[in-house]
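Peer 1: Sending over a structure as structure tokens; questions will come in a sec.
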Amino acid sequence: MTDTNNSSTIPHAVIHVIDPERENTFRRLAATSGFLKAQSRNKILMKCTQCETEMEKPRKCSKCRSVLYCSQECQKKNWPTHKRICHEVEDSSGVLKLVRMFSVNPLLMMYLKVAIVLDCNLLNNPRIGFEVPFVASVNIGFEPSDIFDFVGLYFDDKIVREKLQGMLQVNAVTPWYPGMQGGRPLTPQRLNQWRDIRARHNADGYTKDPVGLLDFSSEGLSRNNRRLTYAVSVGCHISPVILEMAMEHEPFVRVCPLAGTRFKQPKTAMTCLEYINIHIRADTQNQLRLRTEMTEQDKEIILAAGRDEDEVPACVLKEKMKREIIYNNIVRQDKGAHSLDWETQRARRKNRPRRSPCPFCGTWACKGLAAPIAQPNVRVCMWDCKKED
């Protein structure tokens with residue numbers, strides 16, 4: 001992506017460069033749709049919104065169908081909290097199904113577990129996962145599968161298409177383990193949940209492998225409120241292969257598609273998450289079954305991040321953008337834009353001319369001032385953004 005020297009405007013050009021070998025690399029590594037479909041029949045237990053009890057057959061709120069309960073009693077107890085946002089929440093975007101497909105994907109789970117090992121101190125404390133539990137809370141979000149649609153939402157471009165294909169992305173992993181600074185004790189229900197999972201793995205012959213809890217959560221924003229969409233809880237078994245990968249610290253080798261040069265990234269929890277997100281982004285044919293239509297709540301998180309709001313989902317997304325290479329140019333140029341007050345930014349965006357689909361890339365994220373350049377697999381979208389006094 002290109003940079004601009006004018007810090008008082010939104011980006012005037014974004015170049016998205018795709019590695020020519022991306023599709024071949026994806027096909028070599030990705031699990032097949034048939035394999036994932038067969039594996040996805042395994043049960044995933046969800047947690048009650050009120051008491052956090054595991055459930056095989058949860059009850060849904062009959063109005064919004066987005067929060068889960070184990071009983072009518074828990075639903076009544078949670079109603080004072082939930083009623084403020086119940087009418088604003090649209091139907092579920094299939095979060096549970098997508099989490100199930102993610103959790104049975106061997107490549108994605110392998111790198112997620114490496115990140116968990118590094119974050120939860122498993123290499124330094126032999127008691128964790130055996131005598132005491134660890135918990136990894138995985139925050140997932142949904143972004144447009146086309147980066148230019150993401151840019152259009154982030155900078156509040158009104159010409160962005162109403163229906164957008166979204167893809168699952170891992171925003172962050174929040175670890176918990178005994179002795180962690182600032183960590184709260186687990187509830188008795190959670191401790192019992194871990195003990196049951198630990199006992200099941202012992203019975204299956206995995207007495208020498210650490211076991212913890214893995215929580216997937218997805219948050220959405222309405223215009224005025226934050227809400228928790230789903231919380232899915234599964235056991236987290238760490239195999240010797242995962243521990244060995246984490247101990248080796250072998251770096252990731254990345255390729256700059258524009259220049260063709262190779263560079264190395266240290267293997268950390270954050271770069272493991274970035275690798276996961278890159279792999280999902282490369283799945284243009286939805287082989288991994290991790291794509292779905294974006295909801296208004298999904299879009300609102302990106303809009304809120306672009307407005308530099310301090311809602312938790314927006315802050316989580318902004319932190320993800322700071323650490324992943326694909327967003328580097330957006331973050332750098334946005335620093336200048338956020339130096340202006342929000343009313344000035346909104347007035348400028350209102351006065352920007354209407355746009356049509358780019359004749360080169362076919363997206364609505366530009367005015368159509370685009371042209372191919374010499375390198376293959378390069379898309380250029382131009383913004384009509386004049387310097388203002």
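Order determines the names: the first chain of the structure tokens is A, the second B, and so forth; residues in each chain are numbered 1 upward, and ligands are numbered 1 upward as they are shown.
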If we count only C-alpha atoms, what is near Ile128 (chain A) at a cut-off of 8 Å, once residues fewer than 4 positions away on the same chain are taken out, given as a compact mmCIF listing (two decimals) with N, CA and C atoms, in the first residue's frame?
Peer 2:
```
# COMPACT_ATOMS: atom_id res chain seq x y z
N ASN A 121 1.95 -19.03 29.29
CA ASN A 121 3.11 -19.38 30.12
C ASN A 121 3.28 -20.89 30.31
N LEU A 122 2.81 -21.67 29.36
CA LEU A 122 2.90 -23.13 29.50
C LEU A 122 4.33 -23.65 29.45
N VAL A 132 -3.38 -27.08 37.62
CA VAL A 132 -4.21 -25.87 37.56
C VAL A 132 -4.55 -25.59 36.11
N PRO A 133 -5.68 -24.90 35.86
CA PRO A 133 -6.11 -24.69 34.48
C PRO A 133 -5.46 -23.48 33.83
N PHE A 134 -5.62 -23.38 32.54
CA PHE A 134 -5.38 -22.14 31.82
C PHE A 134 -6.62 -21.89 30.95
N TYR A 177 -4.09 -17.52 33.48
CA TYR A 177 -3.45 -18.66 34.14
C TYR A 177 -3.13 -18.25 35.58
N PRO A 178 -2.99 -19.19 36.48
CA PRO A 178 -2.74 -18.86 37.89
C PRO A 178 -1.47 -18.04 38.06
N PRO A 210 -0.84 -30.97 28.51
CA PRO A 210 -1.62 -29.94 29.21
C PRO A 210 -2.99 -29.75 28.56
```
Peer 1: Report as a Markdown table: every residue of region 158-197 of chain A with an atom at most 12 Å from region 147-150 of chain A, its closest pair of atoms, and their distance in Å to one decimal, counting only C-alpha atoms, with rows sorted by chain and ascending residue number.
Peer 2:
```
| residue | atom | partner | partner_atom | distance |
| --- | --- | --- | --- | --- |
| A:Lys158 | CA | A:Asp149 | CA | 11.0 |
| A:Ile159 | CA | A:Asp149 | CA | 9.8 |
| A:Val160 | CA | A:Asp149 | CA | 6.5 |
| A:Arg161 | CA | A:Asp149 | CA | 8.0 |
| A:Glu162 | CA | A:Asp149 | CA | 10.5 |
| A:Lys163 | CA | A:Asp149 | CA | 10.5 |
| A:Leu164 | CA | A:Asp149 | CA | 7.8 |
| A:Gln165 | CA | A:Asp149 | CA | 9.4 |
| A:Gly166 | CA | A:Phe150 | CA | 9.7 |
| A:Met167 | CA | A:Ile147 | CA | 11.0 |
```
Peer 1: Would you save the residues of that selection, restricted to N, CA and C atoms, as a PDB file, in the first residue's frame?
Peer 2:
```
ATOM      1  N   LYS A 158     -19.859   6.304   1.787  1.00  0.00           N
ATOM      2  CA  LYS A 158     -21.282   5.990   1.675  1.00  0.00           C
ATOM      3  C   LYS A 158     -21.608   5.135   0.454  1.00  0.00           C
ATOM      4  N   ILE A 159     -20.650   4.963  -0.445  1.00  0.00           N
ATOM      5  CA  ILE A 159     -20.914   4.196  -1.664  1.00  0.00           C
ATOM      6  C   ILE A 159     -20.560   2.719  -1.486  1.00  0.00           C
ATOM      7  N   VAL A 160     -20.068   2.334  -0.321  1.00  0.00           N
ATOM      8  CA  VAL A 160     -19.784   0.926  -0.071  1.00  0.00           C
ATOM      9  C   VAL A 160     -21.077   0.125  -0.218  1.00  0.00           C
ATOM     10  N   ARG A 161     -20.965  -1.023  -0.861  1.00  0.00           N
ATOM     11  CA  ARG A 161     -22.147  -1.840  -1.119  1.00  0.00           C
ATOM     12  C   ARG A 161     -22.875  -2.215   0.168  1.00  0.00           C
ATOM     13  N   GLU A 162     -24.188  -2.346   0.061  1.00  0.00           N
ATOM     14  CA  GLU A 162     -24.991  -2.679   1.238  1.00  0.00           C
ATOM     15  C   GLU A 162     -24.723  -4.108   1.694  1.00  0.00           C
ATOM     16  N   LYS A 163     -24.627  -5.038   0.738  1.00  0.00           N
ATOM     17  CA  LYS A 163     -24.346  -6.428   1.065  1.00  0.00           C
ATOM     18  C   LYS A 163     -22.876  -6.713   0.814  1.00  0.00           C
ATOM     19  N   LEU A 164     -22.195  -7.126   1.869  1.00  0.00           N
ATOM     20  CA  LEU A 164     -20.764  -7.403   1.776  1.00  0.00           C
ATOM     21  C   LEU A 164     -20.485  -8.826   2.238  1.00  0.00           C
ATOM     22  N   GLN A 165     -19.643  -9.524   1.500  1.00  0.00           N
ATOM     23  CA  GLN A 165     -19.189 -10.823   1.976  1.00  0.00           C
ATOM     24  C   GLN A 165     -18.159 -10.603   3.074  1.00  0.00           C
ATOM     25  N   GLY A 166     -18.386 -11.224   4.204  1.00  0.00           N
ATOM     26  CA  GLY A 166     -17.454 -11.101   5.319  1.00  0.00           C
ATOM     27  C   GLY A 166     -16.693 -12.388   5.548  1.00  0.00           C
ATOM     28  N   MET A 167     -15.631 -12.289   6.311  1.00  0.00           N
ATOM     29  CA  MET A 167     -14.831 -13.468   6.659  1.00  0.00           C
ATOM     30  C   MET A 167     -14.484 -13.392   8.135  1.00  0.00           C
TER      31      MET A 167
END
```
Peer 1: Skip region 117-120 of chain A itself and residues of its chain fewer than 3 positions away, then list as a list of chain:residue names all residues within 9 Å of it, counting only C-alpha atoms.
Peer 2: A:Leu112, A:Lys113, A:Val114, A:Leu123, A:Ile128, A:Phe134, A:Val135, A:Ala136, A:Val173, A:Thr174, A:Pro175, A:Trp176, A:Tyr177, A:Met180, A:Ile238, A:Ile242, A:Leu243, A:Ala246, A:Met247, A:Thr268, A:Ala269
Peer 1: Could the residues in this selection be saved with N, CA, C and O atoms as a PDB file, in the first residue's frame?
Peer 2:
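This is the output file part_18.pdb:
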```
ATOM      1  N   LEU A 112      -3.238 -21.378  16.421  1.00  0.00           N
ATOM      2  CA  LEU A 112      -3.912 -20.760  17.558  1.00  0.00           C
ATOM      3  C   LEU A 112      -3.381 -21.345  18.863  1.00  0.00           C
ATOM      4  O   LEU A 112      -3.126 -20.613  19.827  1.00  0.00           O
ATOM      5  N   LYS A 113      -3.174 -22.646  18.903  1.00  0.00           N
ATOM      6  CA  LYS A 113      -2.674 -23.276  20.126  1.00  0.00           C
ATOM      7  C   LYS A 113      -1.221 -22.889  20.400  1.00  0.00           C
ATOM      8  O   LYS A 113      -0.819 -22.758  21.562  1.00  0.00           O
ATOM      9  N   VAL A 114      -0.419 -22.691  19.354  1.00  0.00           N
ATOM     10  CA  VAL A 114       0.949 -22.194  19.568  1.00  0.00           C
ATOM     11  C   VAL A 114       0.891 -20.820  20.225  1.00  0.00           C
ATOM     12  O   VAL A 114       1.640 -20.524  21.170  1.00  0.00           O
ATOM     13  N   LEU A 123       5.225 -22.919  28.799  1.00  0.00           N
ATOM     14  CA  LEU A 123       6.612 -23.378  28.663  1.00  0.00           C
ATOM     15  C   LEU A 123       7.412 -23.153  29.948  1.00  0.00           C
ATOM     16  O   LEU A 123       8.449 -23.792  30.141  1.00  0.00           O
ATOM     17  N   ILE A 128       0.783 -25.726  34.967  1.00  0.00           N
ATOM     18  CA  ILE A 128      -0.360 -25.202  34.211  1.00  0.00           C
ATOM     19  C   ILE A 128      -0.845 -26.249  33.207  1.00  0.00           C
ATOM     20  O   ILE A 128      -0.068 -26.795  32.423  1.00  0.00           O
ATOM     21  N   PHE A 134      -5.622 -23.384  32.539  1.00  0.00           N
ATOM     22  CA  PHE A 134      -5.384 -22.140  31.822  1.00  0.00           C
ATOM     23  C   PHE A 134      -6.618 -21.893  30.955  1.00  0.00           C
ATOM     24  O   PHE A 134      -7.332 -22.824  30.579  1.00  0.00           O
ATOM     25  N   VAL A 135      -6.866 -20.630  30.658  1.00  0.00           N
ATOM     26  CA  VAL A 135      -8.018 -20.248  29.833  1.00  0.00           C
ATOM     27  C   VAL A 135      -7.535 -19.269  28.766  1.00  0.00           C
ATOM     28  O   VAL A 135      -6.815 -18.315  29.071  1.00  0.00           O
ATOM     29  N   ALA A 136      -7.939 -19.509  27.536  1.00  0.00           N
ATOM     30  CA  ALA A 136      -7.647 -18.584  26.439  1.00  0.00           C
ATOM     31  C   ALA A 136      -8.965 -18.104  25.856  1.00  0.00           C
ATOM     32  O   ALA A 136      -9.756 -18.908  25.359  1.00  0.00           O
ATOM     33  N   VAL A 173      -6.262 -12.783  21.473  1.00  0.00           N
ATOM     34  CA  VAL A 173      -6.362 -13.868  22.444  1.00  0.00           C
ATOM     35  C   VAL A 173      -6.011 -13.296  23.810  1.00  0.00           C
ATOM     36  O   VAL A 173      -4.937 -12.714  23.993  1.00  0.00           O
ATOM     37  N   THR A 174      -6.929 -13.444  24.748  1.00  0.00           N
ATOM     38  CA  THR A 174      -6.694 -12.971  26.117  1.00  0.00           C
ATOM     39  C   THR A 174      -6.426 -14.174  27.005  1.00  0.00           C
ATOM     40  O   THR A 174      -7.301 -15.020  27.195  1.00  0.00           O
ATOM     41  N   PRO A 175      -5.203 -14.290  27.560  1.00  0.00           N
ATOM     42  CA  PRO A 175      -4.868 -15.469  28.366  1.00  0.00           C
ATOM     43  C   PRO A 175      -5.261 -15.297  29.825  1.00  0.00           C
ATOM     44  O   PRO A 175      -5.381 -14.176  30.341  1.00  0.00           O
ATOM     45  N   TRP A 176      -5.466 -16.420  30.493  1.00  0.00           N
ATOM     46  CA  TRP A 176      -5.602 -16.453  31.950  1.00  0.00           C
ATOM     47  C   TRP A 176      -4.893 -17.699  32.454  1.00  0.00           C
ATOM     48  O   TRP A 176      -5.043 -18.793  31.906  1.00  0.00           O
ATOM     49  N   TYR A 177      -4.093 -17.519  33.480  1.00  0.00           N
ATOM     50  CA  TYR A 177      -3.448 -18.655  34.139  1.00  0.00           C
ATOM     51  C   TYR A 177      -3.131 -18.245  35.575  1.00  0.00           C
ATOM     52  O   TYR A 177      -3.038 -17.053  35.893  1.00  0.00           O
ATOM     53  N   MET A 180      -1.101 -14.973  37.111  1.00  0.00           N
ATOM     54  CA  MET A 180      -0.999 -13.896  36.134  1.00  0.00           C
ATOM     55  C   MET A 180      -1.371 -12.571  36.791  1.00  0.00           C
ATOM     56  O   MET A 180      -2.368 -12.491  37.522  1.00  0.00           O
ATOM     57  N   ILE A 238      -3.309 -29.501  24.371  1.00  0.00           N
ATOM     58  CA  ILE A 238      -2.038 -29.097  23.773  1.00  0.00           C
ATOM     59  C   ILE A 238      -1.172 -30.348  23.578  1.00  0.00           C
ATOM     60  O   ILE A 238      -0.713 -30.948  24.551  1.00  0.00           O
ATOM     61  N   ILE A 242       2.600 -29.307  19.321  1.00  0.00           N
ATOM     62  CA  ILE A 242       2.347 -27.873  19.539  1.00  0.00           C
ATOM     63  C   ILE A 242       3.407 -27.289  20.471  1.00  0.00           C
ATOM     64  O   ILE A 242       3.949 -26.204  20.224  1.00  0.00           O
ATOM     65  N   LEU A 243       3.711 -28.004  21.551  1.00  0.00           N
ATOM     66  CA  LEU A 243       4.733 -27.524  22.485  1.00  0.00           C
ATOM     67  C   LEU A 243       6.090 -27.401  21.809  1.00  0.00           C
ATOM     68  O   LEU A 243       6.837 -26.440  22.034  1.00  0.00           O
ATOM     69  N   ALA A 246       6.188 -24.309  19.636  1.00  0.00           N
ATOM     70  CA  ALA A 246       6.316 -23.098  20.438  1.00  0.00           C
ATOM     71  C   ALA A 246       7.729 -22.930  20.978  1.00  0.00           C
ATOM     72  O   ALA A 246       8.243 -21.798  21.069  1.00  0.00           O
ATOM     73  N   MET A 247       8.378 -24.023  21.331  1.00  0.00           N
ATOM     74  CA  MET A 247       9.747 -23.950  21.873  1.00  0.00           C
ATOM     75  C   MET A 247      10.770 -23.594  20.811  1.00  0.00           C
ATOM     76  O   MET A 247      11.761 -22.926  21.083  1.00  0.00           O
ATOM     77  N   THR A 268       5.723 -15.170  17.388  1.00  0.00           N
ATOM     78  CA  THR A 268       5.133 -14.739  18.649  1.00  0.00           C
ATOM     79  C   THR A 268       3.646 -15.078  18.613  1.00  0.00           C
ATOM     80  O   THR A 268       3.114 -15.506  17.582  1.00  0.00           O
ATOM     81  N   ALA A 269       2.978 -14.852  19.730  1.00  0.00           N
ATOM     82  CA  ALA A 269       1.536 -15.096  19.744  1.00  0.00           C
ATOM     83  C   ALA A 269       0.832 -14.222  18.715  1.00  0.00           C
ATOM     84  O   ALA A 269      -0.078 -14.670  18.012  1.00  0.00           O
TER      85      ALA A 269
END
```
Peer 1: Quick one, how far is CA of Asp146 (chain A) from CA of Leu214 (chain A)?
Peer 2: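 Spanning CA of Asp146 (chain A) to CA of Leu214 (chain A) is a straight-line distance of 29.1 Å.
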Peer 1: Distance CA of Glu143 (chain A)-CA of Asn277 (chain A), one decimal place?
Peer 2: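 Computed distance, CA of Glu143 (chain A) to CA of Asn277 (chain A), equals 10.6 Å.
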Peer 1: Tell me, in Å to one decimal, how far CA of Asp283 (chain A) is from CA of Phe26 (chain A).
Peer 2: 7.2 Å
Peer 1: To test your reading of the structure, identify every residue in region 48-294 of chain A that backbone DSSP assigns to strand (DSSP E or B), and report it as a PyMOL selection string.
Peer 2: chain A and resi 54-55+59-60+68-69+128+132+135-144+165-176+211-221+226-237+252-255+262-265+291-293
Peer 1: Excluding Ala199 (chain A) and its own-chain neighbours fewer than 4 positions away, which residues fall within 12 Å of it when counting only C-alpha atoms? Please give them as a list of chain:residue names.
Peer 2: A:Gly129, A:Phe130, A:Glu131, A:Asn192, A:Gln193, A:Trp194, A:Arg195, A:Ala203, A:Asp204, A:Gly205, A:Tyr206, A:Thr207, A:Asp209, A:Pro210, A:Val211, A:Gly212, A:Gly235, A:His237
Peer 1: Just list the residues in region 28-177 of chain A DSSP gives helix (DSSP H, G or I) on the backbone, as an MDAnalysis selection string.
Peer 2: chainID A and resid 28:29 33:39 72:86 95:103 106:119 147:154
Peer 1: Have a look at A:Lys47, A:Tyr111, A:Lys97, A:Leu153 and name the one nearest to Asp298 (chain A); count only C-alpha atoms.
Peer 2: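 Of A:Lys47, A:Tyr111, A:Lys97, A:Leu153, the one nearest Asp298 (chain A), counting only C-alpha atoms, is A:Leu153.
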Peer 1: Using only C-alpha atoms, which of A:Ile302, A:Ile197, A:Leu186, A:Ala172 sits nearest Lys320 (chain A)?
Peer 2: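 Comparing A:Ile302, A:Ile197, A:Leu186, A:Ala172 against Lys320 (chain A), the winner is A:Ala172.
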